[in-house]
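Listing of work.txt; format and content: compact mmCIF, C-alpha atoms.
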```
# COMPACT_ATOMS: atom_id res chain seq x y z
CA MET A 129 106.78 -55.76 105.86
CA HIS A 130 106.00 -54.35 109.31
CA ILE A 131 102.44 -55.07 110.41
CA SER A 132 100.84 -52.04 112.03
CA GLU A 133 98.77 -52.01 115.18
CA GLY A 134 95.05 -52.59 114.76
CA PHE A 135 95.07 -55.17 111.97
CA LEU A 136 95.52 -58.43 113.83
CA SER A 137 93.09 -60.26 116.06
CA PRO A 138 94.11 -61.04 119.67
CA GLN A 139 94.53 -64.72 118.71
CA ALA A 140 96.90 -63.87 115.85
CA ILE A 141 98.89 -61.54 118.12
CA ALA A 142 99.10 -64.24 120.79
CA ALA A 143 100.28 -66.79 118.19
CA GLY A 144 102.91 -64.35 116.94
CA TRP A 145 104.18 -63.72 120.47
CA ALA A 146 104.28 -67.47 121.19
CA ILE A 147 106.37 -68.14 118.07
CA SER A 148 108.75 -65.26 118.71
CA ALA A 149 109.11 -66.01 122.45
CA ALA A 150 110.05 -69.61 121.68
CA GLY A 151 112.42 -68.49 118.93
CA VAL A 152 114.11 -65.82 121.05
CA ALA A 153 114.57 -68.24 123.95
CA TRP A 154 116.04 -70.92 121.66
CA GLY A 155 118.22 -68.34 119.88
CA LEU A 156 119.63 -67.02 123.17
CA LYS A 157 120.33 -70.58 124.28
CA LYS A 158 122.13 -71.41 121.06
CA MET A 159 124.10 -68.13 120.94
CA ASP A 160 127.84 -68.40 121.32
CA SER A 161 128.68 -65.55 123.70
CA GLY A 162 132.16 -65.30 122.16
CA LYS A 163 130.55 -64.18 118.87
CA ILE A 164 128.13 -61.70 120.35
CA VAL A 165 129.75 -58.78 118.51
CA ARG A 166 128.66 -60.40 115.24
CA VAL A 167 125.12 -60.62 116.59
CA SER A 168 125.02 -56.93 117.47
CA MET A 169 126.61 -56.06 114.10
CA ALA A 170 123.99 -58.05 112.17
CA SER A 171 121.22 -56.65 114.36
CA SER A 172 122.47 -53.11 113.64
CA VAL A 173 122.52 -53.84 109.89
CA PHE A 174 118.89 -54.98 110.09
CA PHE A 175 117.99 -51.95 112.20
CA LEU A 176 119.57 -49.50 109.73
CA ALA A 177 118.51 -51.31 106.54
CA SER A 178 114.89 -50.41 107.23
CA LEU A 179 115.83 -46.74 106.81
CA VAL A 180 116.90 -47.39 103.21
CA ASN A 181 113.89 -46.79 100.99
CA VAL A 182 113.52 -48.64 97.73
CA ARG A 183 111.17 -47.03 95.24
CA ILE A 184 108.98 -49.55 93.41
CA GLY A 185 106.59 -47.93 90.95
CA PRO A 186 104.39 -45.38 92.66
CA GLY A 187 105.15 -46.65 96.16
CA SER A 188 108.23 -47.52 98.10
CA THR A 189 109.40 -50.13 100.55
CA HIS A 190 112.53 -50.64 102.55
CA LEU A 191 115.29 -53.20 102.68
CA SER A 192 115.22 -55.88 105.35
CA LEU A 193 118.26 -58.08 104.57
CA ILE A 194 116.73 -60.88 106.62
CA GLY A 195 118.27 -63.52 104.34
CA PRO A 196 121.92 -62.51 104.81
CA ILE A 197 121.28 -61.93 108.52
CA GLY A 198 119.98 -65.48 108.81
CA LEU A 199 123.07 -66.81 107.04
CA ILE A 200 125.33 -64.98 109.49
CA LEU A 201 123.35 -65.61 112.68
CA GLY A 202 121.40 -68.84 112.31
CA TRP A 203 118.96 -69.32 115.23
CA THR A 204 120.40 -66.21 116.91
CA ALA A 205 118.57 -64.19 114.25
CA PHE A 206 115.50 -64.42 116.49
CA PRO A 207 116.85 -62.34 119.43
CA ALA A 208 118.77 -60.06 117.05
CA ILE A 209 115.70 -59.23 114.95
CA PHE A 210 113.46 -58.98 118.02
CA THR A 211 115.73 -56.37 119.61
CA ALA A 212 116.13 -54.41 116.38
CA LEU A 213 112.35 -54.39 115.82
CA LEU A 214 111.79 -53.22 119.40
CA LEU A 215 114.11 -50.26 118.82
CA GLN A 216 112.53 -49.53 115.43
CA ALA A 217 109.09 -49.44 117.07
CA VAL A 218 110.29 -47.11 119.83
CA LEU A 219 112.55 -44.81 117.80
CA PHE A 220 110.88 -44.77 114.38
CA GLN A 221 107.31 -45.97 115.05
CA PHE A 222 107.70 -48.89 112.61
CA GLY A 223 105.12 -51.56 113.39
CA GLY A 224 104.21 -51.27 117.05
CA LEU A 225 104.89 -52.73 120.48
CA LEU A 226 101.75 -54.89 120.58
CA VAL A 227 102.54 -56.46 117.21
CA LEU A 228 106.24 -56.85 118.01
CA GLY A 229 105.73 -60.60 118.46
CA PRO A 230 104.03 -61.17 115.09
CA ASN A 231 106.53 -58.88 113.35
CA THR A 232 109.41 -60.85 114.86
CA ALA A 233 107.82 -64.07 113.60
CA VAL A 234 107.32 -62.54 110.14
CA MET A 235 111.00 -61.64 109.77
CA ALA A 236 112.91 -64.06 111.98
CA VAL A 237 111.27 -67.31 110.82
CA PRO A 238 112.28 -66.75 107.14
CA SER A 239 115.69 -65.60 108.32
CA VAL A 240 116.33 -68.84 110.22
CA MET A 241 114.87 -70.82 107.31
CA ALA A 242 117.41 -69.18 104.99
CA SER A 243 120.19 -70.36 107.28
CA LEU A 244 118.83 -73.91 107.57
CA PHE A 245 117.92 -74.44 103.92
CA TRP A 246 120.41 -72.38 101.94
CA GLY A 247 123.31 -72.10 104.40
CA PRO A 248 125.04 -75.40 103.44
CA ALA A 249 124.70 -74.62 99.72
CA VAL A 250 126.02 -71.07 100.21
CA ARG A 251 129.13 -72.50 101.93
CA SER A 252 129.60 -75.23 99.30
CA GLY A 253 132.79 -75.47 97.23
CA ASN A 254 130.89 -75.32 93.96
CA ALA A 255 130.81 -71.63 93.08
CA LYS A 256 127.77 -71.87 90.78
CA ILE A 257 125.67 -73.63 93.41
CA ALA A 258 126.85 -71.17 96.05
CA PHE A 259 125.88 -68.15 93.93
CA ALA A 260 122.45 -69.55 93.09
CA ALA A 261 121.87 -70.44 96.75
CA SER A 262 123.03 -66.96 97.83
CA PHE A 263 120.47 -65.31 95.56
CA LEU A 264 117.72 -67.59 96.83
CA ALA A 265 118.83 -67.11 100.43
CA GLY A 266 118.30 -63.38 99.92
CA SER A 267 115.06 -63.41 97.96
CA ALA A 268 113.11 -66.40 99.31
CA PRO A 269 112.91 -65.08 102.92
CA VAL A 270 111.30 -61.84 101.70
CA LEU A 271 108.56 -63.79 99.95
CA LEU A 272 108.18 -66.21 102.85
CA GLY A 273 107.82 -63.21 105.14
CA THR A 274 104.94 -61.87 103.03
CA VAL A 275 103.32 -65.31 103.11
CA ILE A 276 103.50 -65.27 106.93
CA VAL A 277 102.03 -61.74 106.95
CA GLY A 278 99.21 -63.10 104.78
CA ALA A 279 98.68 -66.00 107.18
CA PHE A 280 98.39 -63.56 110.11
CA PHE A 281 95.94 -61.43 108.11
CA LEU A 282 93.80 -64.40 107.14
CA ALA A 283 93.79 -65.64 110.73
CA SER A 284 92.56 -62.21 111.82
CA ASP A 285 90.11 -61.21 109.10
CA ARG A 286 89.13 -62.99 105.87
CA GLU A 287 88.61 -59.62 104.19
CA LEU A 288 92.35 -58.95 104.47
CA ALA A 289 93.05 -61.70 101.89
CA VAL A 290 93.24 -59.05 99.17
CA ALA A 291 95.80 -57.13 101.22
CA ALA A 292 97.84 -60.31 101.64
CA LYS A 293 97.94 -60.83 97.86
CA THR A 294 98.88 -57.20 97.26
CA ILE A 295 101.71 -57.40 99.78
CA PHE A 296 103.09 -60.55 98.15
CA LEU A 297 103.01 -59.05 94.65
CA ALA A 298 104.42 -55.71 95.83
CA HIS A 299 107.41 -57.47 97.40
CA LEU A 300 108.42 -59.44 94.28
CA PRO A 301 110.74 -56.66 93.04
CA LEU A 302 112.17 -56.25 96.56
CA ALA A 303 112.86 -59.99 96.66
CA ALA A 304 114.90 -59.65 93.45
CA ILE A 305 116.81 -56.67 94.91
CA GLU A 306 117.51 -58.46 98.19
CA GLY A 307 118.57 -61.60 96.32
CA THR A 308 121.10 -59.59 94.32
CA ALA A 309 122.34 -57.85 97.49
CA ALA A 310 122.74 -61.22 99.22
CA LEU A 311 124.61 -62.58 96.19
CA PHE A 312 127.20 -59.77 96.26
CA MET A 313 127.47 -59.95 100.04
CA THR A 314 128.18 -63.66 100.13
CA LEU A 315 130.61 -63.29 97.20
CA PHE A 316 132.56 -60.79 99.27
CA LEU A 317 132.35 -62.78 102.51
CA ARG A 318 133.39 -66.07 100.85
CA ARG A 319 136.63 -64.41 99.76
CA THR A 320 137.39 -62.28 102.78
CA PHE A 321 135.79 -63.88 105.84
CA PRO A 322 134.27 -67.29 105.03
CA ASP A 323 134.03 -68.22 108.71
CA ILE A 324 131.26 -65.63 109.25
CA LEU A 325 128.93 -67.67 107.02
CA ARG A 326 129.04 -70.55 109.47
CA GLY A 327 126.71 -68.73 111.85
CA VAL A 328 127.13 -67.90 115.51
CA ASP A 329 125.22 -70.84 116.93
CA ARG A 330 127.06 -73.10 119.34
CA THR A 331 127.74 -76.50 117.87
CA MET B 166 24.72 -67.11 70.28
CA GLY B 167 27.85 -69.08 71.17
CA ASP B 168 29.01 -68.12 74.67
CA MET B 169 26.20 -65.61 75.25
CA ARG B 170 24.04 -66.35 78.29
CA ARG B 171 20.63 -65.28 79.46
CA ASN B 172 20.10 -63.68 82.86
CA ARG B 173 17.14 -64.34 85.16
CA ALA B 174 15.05 -61.63 83.38
CA GLY B 175 15.64 -63.41 80.09
CA SER B 176 17.79 -60.72 78.47
CA VAL B 177 20.86 -61.70 76.60
CA PHE B 178 24.15 -60.95 78.30
CA PRO B 179 26.35 -59.57 77.09
CA PRO B 180 24.38 -57.53 74.52
CA ALA B 181 24.74 -58.78 70.98
CA HIS B 182 26.35 -55.48 69.77
CA THR B 183 29.13 -55.65 72.32
CA LYS B 184 32.49 -56.46 70.85
CA ARG B 185 34.33 -59.34 72.36
CA MET B 186 36.99 -58.05 74.73
CA PRO B 187 40.10 -59.98 75.63
CA VAL B 188 39.39 -61.86 78.80
CA LEU B 189 41.70 -60.60 81.52
CA PHE B 190 39.67 -61.69 84.47
CA LYS B 191 37.35 -64.60 83.88
CA ALA B 192 34.02 -63.97 85.58
CA HIS B 193 31.79 -66.84 86.45
CA GLY B 194 28.25 -66.80 87.66
CA HIS B 195 26.39 -63.51 88.26
CA PRO B 196 26.69 -60.77 85.58
CA GLN B 197 27.40 -58.12 88.30
CA LYS B 198 30.51 -60.06 89.14
CA ALA B 199 31.48 -59.84 85.51
CA LEU B 200 31.00 -56.07 85.60
CA ARG B 201 33.16 -55.81 88.73
CA ALA B 202 35.79 -57.93 87.01
CA ARG B 203 35.85 -55.48 84.12
CA ARG B 204 36.42 -52.59 86.54
CA VAL B 205 39.58 -54.18 87.94
CA PRO B 206 41.81 -53.26 84.98
CA LEU B 207 40.46 -49.71 85.18
CA LEU B 208 41.30 -49.53 88.86
CA CYS B 209 44.76 -50.90 88.19
CA PHE B 210 45.27 -48.23 85.55
CA ILE B 211 44.20 -45.45 87.94
CA VAL B 212 46.43 -46.73 90.72
CA SER B 213 49.38 -46.98 88.30
CA VAL B 214 48.84 -43.41 87.14
CA LEU B 215 48.70 -42.18 90.76
CA LEU B 216 51.86 -44.09 91.62
CA LEU B 217 53.70 -42.68 88.63
CA ALA B 218 52.51 -39.23 89.55
CA SER B 219 53.79 -39.61 93.08
CA LEU B 220 57.17 -40.83 91.75
CA GLY B 221 57.36 -37.82 89.53
CA ARG B 222 56.78 -35.60 92.53
CA ALA B 223 59.57 -37.38 94.45
CA ALA B 224 62.00 -37.03 91.56
CA ALA B 225 61.19 -33.40 91.30
CA HIS B 226 62.68 -32.66 94.79
CA GLY B 227 65.15 -29.88 94.31
CA VAL B 228 68.76 -30.03 95.53
CA GLY B 229 71.08 -27.23 96.36
CA TYR B 230 74.21 -26.37 98.27
CA ARG B 231 75.55 -23.71 100.50
CA GLN B 232 78.78 -23.01 102.31
CA ALA B 233 78.84 -24.94 105.59
CA GLY B 234 80.22 -22.00 107.52
CA LYS B 235 81.66 -24.29 110.20
CA LYS B 236 85.23 -24.82 111.22
CA THR B 237 86.79 -27.88 109.69
CA VAL B 238 89.35 -30.27 111.09
CA ALA B 239 91.75 -31.19 108.30
CA LEU B 240 94.42 -33.83 108.74
CA GLU B 241 97.22 -35.09 106.55
CA PHE B 242 98.32 -38.71 106.76
CA TYR B 243 101.68 -40.04 105.68
CA TYR B 244 103.92 -43.05 105.98
CA SER B 245 106.90 -42.94 108.26
CA THR B 246 108.99 -42.81 105.07
CA GLY B 247 107.47 -39.40 104.36
CA GLU B 248 105.15 -40.48 101.54
CA THR B 249 101.56 -39.34 101.75
CA MET B 250 98.80 -41.90 102.32
CA ALA B 251 97.02 -40.92 99.12
CA TYR B 252 93.56 -42.28 98.24
CA GLN B 253 93.33 -44.48 101.31
CA GLU B 254 90.20 -45.27 103.27
CA PHE B 255 89.57 -43.19 106.36
CA ARG B 256 86.94 -43.30 109.09
CA VAL B 257 86.05 -40.62 111.58
CA TYR B 258 84.67 -41.64 114.97
CA GLN B 259 82.97 -39.17 117.25
CA PRO B 260 83.54 -39.04 121.01
CA ASP B 261 81.94 -41.90 122.97
CA ASP B 262 81.27 -44.00 119.85
CA ASP B 263 84.12 -46.17 118.66
CA LYS B 264 81.94 -48.52 116.61
CA ASN B 265 79.82 -46.48 114.22
CA PRO B 266 81.81 -44.18 111.97
CA PHE B 267 80.59 -40.59 111.91
CA GLN B 268 82.11 -40.19 108.46
CA SER B 269 84.03 -42.35 106.00
CA GLY B 270 85.72 -41.83 102.68
CA ARG B 271 89.09 -41.69 100.99
CA THR B 272 91.96 -39.32 101.48
CA ASP B 273 92.92 -37.04 98.60
CA GLU B 274 96.10 -37.15 96.54
CA SER B 275 98.01 -35.46 99.35
CA GLY B 276 96.76 -37.90 101.99
CA ARG B 277 94.38 -35.29 103.45
CA CYS B 278 90.92 -35.71 104.86
CA SER B 279 88.63 -33.30 106.67
CA PHE B 280 85.48 -33.33 108.74
CA ILE B 281 83.26 -30.92 110.65
CA PRO B 282 82.95 -31.93 114.30
CA GLU B 283 79.55 -31.45 115.85
CA LYS B 284 80.43 -31.79 119.51
CA ALA B 285 83.34 -31.25 121.82
CA GLY B 286 85.52 -34.15 122.86
CA THR B 287 88.16 -36.43 121.43
CA TRP B 288 87.51 -37.40 117.82
CA ARG B 289 89.35 -40.31 116.26
CA VAL B 290 90.41 -40.54 112.63
CA ALA B 291 91.73 -43.88 111.36
CA VAL B 292 93.32 -44.43 107.97
CA ARG B 293 94.13 -47.88 106.59
CA ASP B 294 95.80 -48.85 103.37
CA GLY B 295 95.49 -52.23 101.69
CA GLU B 296 99.00 -53.31 102.68
CA GLY B 297 98.86 -53.63 106.42
CA HIS B 298 99.60 -50.03 107.37
CA SER B 299 97.32 -47.94 109.51
CA ALA B 300 97.51 -44.54 111.10
CA GLU B 301 95.28 -43.11 113.76
CA ALA B 302 94.91 -39.54 114.90
CA SER B 303 93.15 -38.26 118.00
CA VAL B 304 91.79 -34.77 117.69
CA SER B 305 90.55 -33.00 120.77
CA VAL B 306 87.83 -30.55 119.85
CA THR B 307 87.07 -27.79 122.34
CA PRO B 308 83.74 -25.92 122.76
CA GLU B 309 85.57 -22.75 121.71
CA PHE B 310 86.54 -24.45 118.47
CA LEU B 311 82.90 -25.36 117.77
CA ASP B 312 81.92 -21.72 118.36
CA GLY B 313 84.39 -20.64 115.72
CA GLY B 314 87.25 -19.71 118.00
CA GLY B 315 90.03 -21.59 119.66
CA ASP B 316 92.93 -23.34 118.11
CA PRO B 317 92.53 -23.65 114.34
CA ARG B 318 94.58 -26.86 114.43
CA PRO B 319 93.02 -28.83 117.24
CA ALA B 320 95.41 -31.29 118.79
CA ALA B 321 96.61 -34.28 116.72
CA VAL B 322 98.76 -36.23 115.31
CA SER B 323 100.99 -39.21 115.14
CA PRO B 324 104.74 -38.77 115.13
CA SER B 325 106.55 -39.26 111.83
CA LEU B 326 109.95 -40.47 110.81
CA PRO B 327 112.43 -37.81 111.92
CA GLU B 328 114.63 -36.18 109.33
CA GLY B 329 118.17 -34.91 109.06
CA THR B 330 120.17 -34.69 112.24
CA GLU B 331 117.44 -36.13 114.43
CA LEU B 332 117.20 -39.20 112.19
CA PHE B 333 120.97 -39.62 112.38
CA PHE B 334 120.98 -39.32 116.17
CA ARG B 335 118.13 -41.77 116.58
CA ALA B 336 119.80 -44.28 114.25
CA ALA B 337 123.07 -43.87 116.19
CA LEU B 338 121.19 -44.29 119.47
CA GLY B 339 119.59 -47.47 118.15
CA VAL B 340 122.92 -48.98 117.09
CA SER B 341 124.49 -47.97 120.38
CA LEU B 342 121.64 -49.59 122.32
CA LEU B 343 121.98 -52.79 120.29
CA PHE B 344 125.68 -53.06 121.16
CA ASN B 345 124.93 -52.26 124.80
CA ILE B 346 122.23 -54.92 124.99
CA ALA B 347 124.63 -57.43 123.38
CA SER B 348 127.32 -56.49 125.93
CA LEU B 349 124.81 -56.98 128.74
CA ILE B 350 123.89 -60.44 127.45
CA ARG B 351 127.60 -61.29 127.21
CA VAL B 352 128.21 -60.18 130.81
CA ILE B 353 125.24 -62.26 132.03
CA LYS B 354 126.43 -65.32 130.09
CA LEU B 355 130.02 -64.94 131.38
CA ARG B 356 128.77 -64.72 134.98
CA LYS B 357 126.78 -67.90 134.48
CA LEU B 358 129.86 -69.60 133.06
CA LYS B 359 131.96 -68.48 136.05
CA LYS B 360 129.36 -69.81 138.46
CA LEU B 361 129.39 -73.12 136.63
CA GLU B 362 133.19 -73.26 136.76
CA LYS B 363 133.11 -72.58 140.52
CA CYS B 364 130.59 -75.36 141.01
CA ILE B 365 132.83 -77.78 139.10
```
Output the file's structure in the form of structure tokens.
Amino acid sequence: MHISEGFLSPQAIAAGWAISAAGVAWGLKKMDSGKIVRVSMASSVFFLASLVNVRIGPGSTHLSLIGPIGLILGWTAFPAIFTALLLQAVLFQFGGLLVLGPNTAVMAVPSVMASLFWGPAVRSGNAKIAFAASFLAGSAPVLLGTVIVGAFFLASDRELAVAAKTIFLAHLPLAAIEGTAALFMTLFLRRTFPDILRGVDRT
Amino acid sequence: MGDMRRNRAGSVFPPAHTKRMPVLFKAHGHPQKALRARRVPLLCFIVSVLLLASLGRAAAHGVGYRQAGKKTVALEFYYSTGETMAYQEFRVYQPDDDKNPFQSGRTDESGRCSFIPEKAGTWRVAVRDGEGHSAEASVSVTPEFLDGGGDPRPAAVSPSLPEGTELFFRAALGVSLLFNIASLIRVIKLRKLKKLEKCI
């Protein structure tokens, strides 16, 4: 889901940087410094997950786990994902430094959305609702991320509309995989460490 | 006599033995005009024949091939995951012209493309897939290379995802940096808190 350098127009890049700058600033403000180890843990998981390739048909993609990260971090997902993406760009040449802002928006916005929309249901006492919400919290952010990629593409060049559709369709299997991963993860965390699903934002 | 007319000399025109021809061009007035009108289809026929003949000559241009006998720059493009960028669009830009591609096409099954540079300088090869990935290589071509000598693999290419131990070390470095950055943020936040406490 990383956007490479050279695809986006200066306006789209500026919009991406504006969104991510606002998100990072708000995330840092909301971050509970007592839970910063959780932030670095979740950021590390995101950083390493991109190295796990998932073969889909003739191509392959990699895990992102932005849904579970959003559930654990809440608004702090913005600075966590921004830092991890920066290191991915420098160490592995994923994405690029110029498009770091748009890439942060692509992955952090769905991550925070997962926390805001599915978080309460994931923590609910009703197990069935919690499981369904966990799956959706894992899969929906992947698809939302591809929609945001498409929006950036369309804002840059109308001819990239085909690419946007392809990206969305190509990520449908990954959404199912991430949904299942999120389901098992929240199952485990609900039993062992339910407090972690409350996020790290200051209340 | 129907539509037959008499000219100024009194002779019948057209002659009585002449068969009626389909009227392609209606001629009014002077009989010479009518004659000219009858020549028009003939002229059209001649021009058509000449045109067809000239087309035939054009189609008959021979084609052939020969070995280029020039040194080729061949590049291989791949994703950072190690997969090749097979059958993706590529464009080659010559030095001092970033707008008009010198060559364009698609990579082969192995993600390879090649071109024959015609002048020394830095050539740029850009490959884009339909999913938001792009790779760009800069190839510096020397005059020696153009003369058939020099480095057979001129300059290039973008770094790829490291493998094995290097990948492990880079991943470990990344995780370590993430924890260090988090620690730094914690220290900054704690200092701010202490300052606030002192103020209170």
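Going from atom CA of A:Ala146 to atom CA of A:Ile295 covers 23.8 Å.
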At most 8 Å to chain B: residues in chain A, all atoms listed in the file, as a PyMOL selection string
chain A and resi 130-135+161-162+164-165+167-169+171-172+175-176+181+211-212+215-216+219-222+288+290-292+294-295
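Around the point (85.0, -29.1, 118.8), within 10 Å and counting only C-alpha atoms, we find these residues: Lys236, Thr237, Val238, Ile281, Pro282, Glu283, Lys284, Ala285, Gly286, Thr287, Trp288, Val304, Ser305, Val306, Thr307, Pro308, Glu309, Phe310, Leu311, Asp312, Gly313, Gly314, Gly315, Asp316 and Pro319 of chain B.
Near A:Met129, within a cut-off of 9 Å and counting all atoms listed in the file, sit the residues Thr189, His190, Ser192, Gly223, Asn231, Val234, Met235, Val270, Gly273, Thr274, Val277, Ile295 and His299 of chain A; Glu296 and Gly297 of chain B, with same-chain residues fewer than 5 positions away left out.
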Å distance separating atom CA of A:Leu214 from atom CA of A:Thr232, one decimal place
9.2 Å
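The gap separating atom CA of A:Leu228 from atom CA of A:Glu287 is 22.6 Å, in Å to one decimal.
Among the candidate residues A:Gly327, A:Ser239, A:Gly278, A:Gln139, the one lying nearest to A:Asp160 is A:Gly327, with distances computed using all atoms listed in the file.
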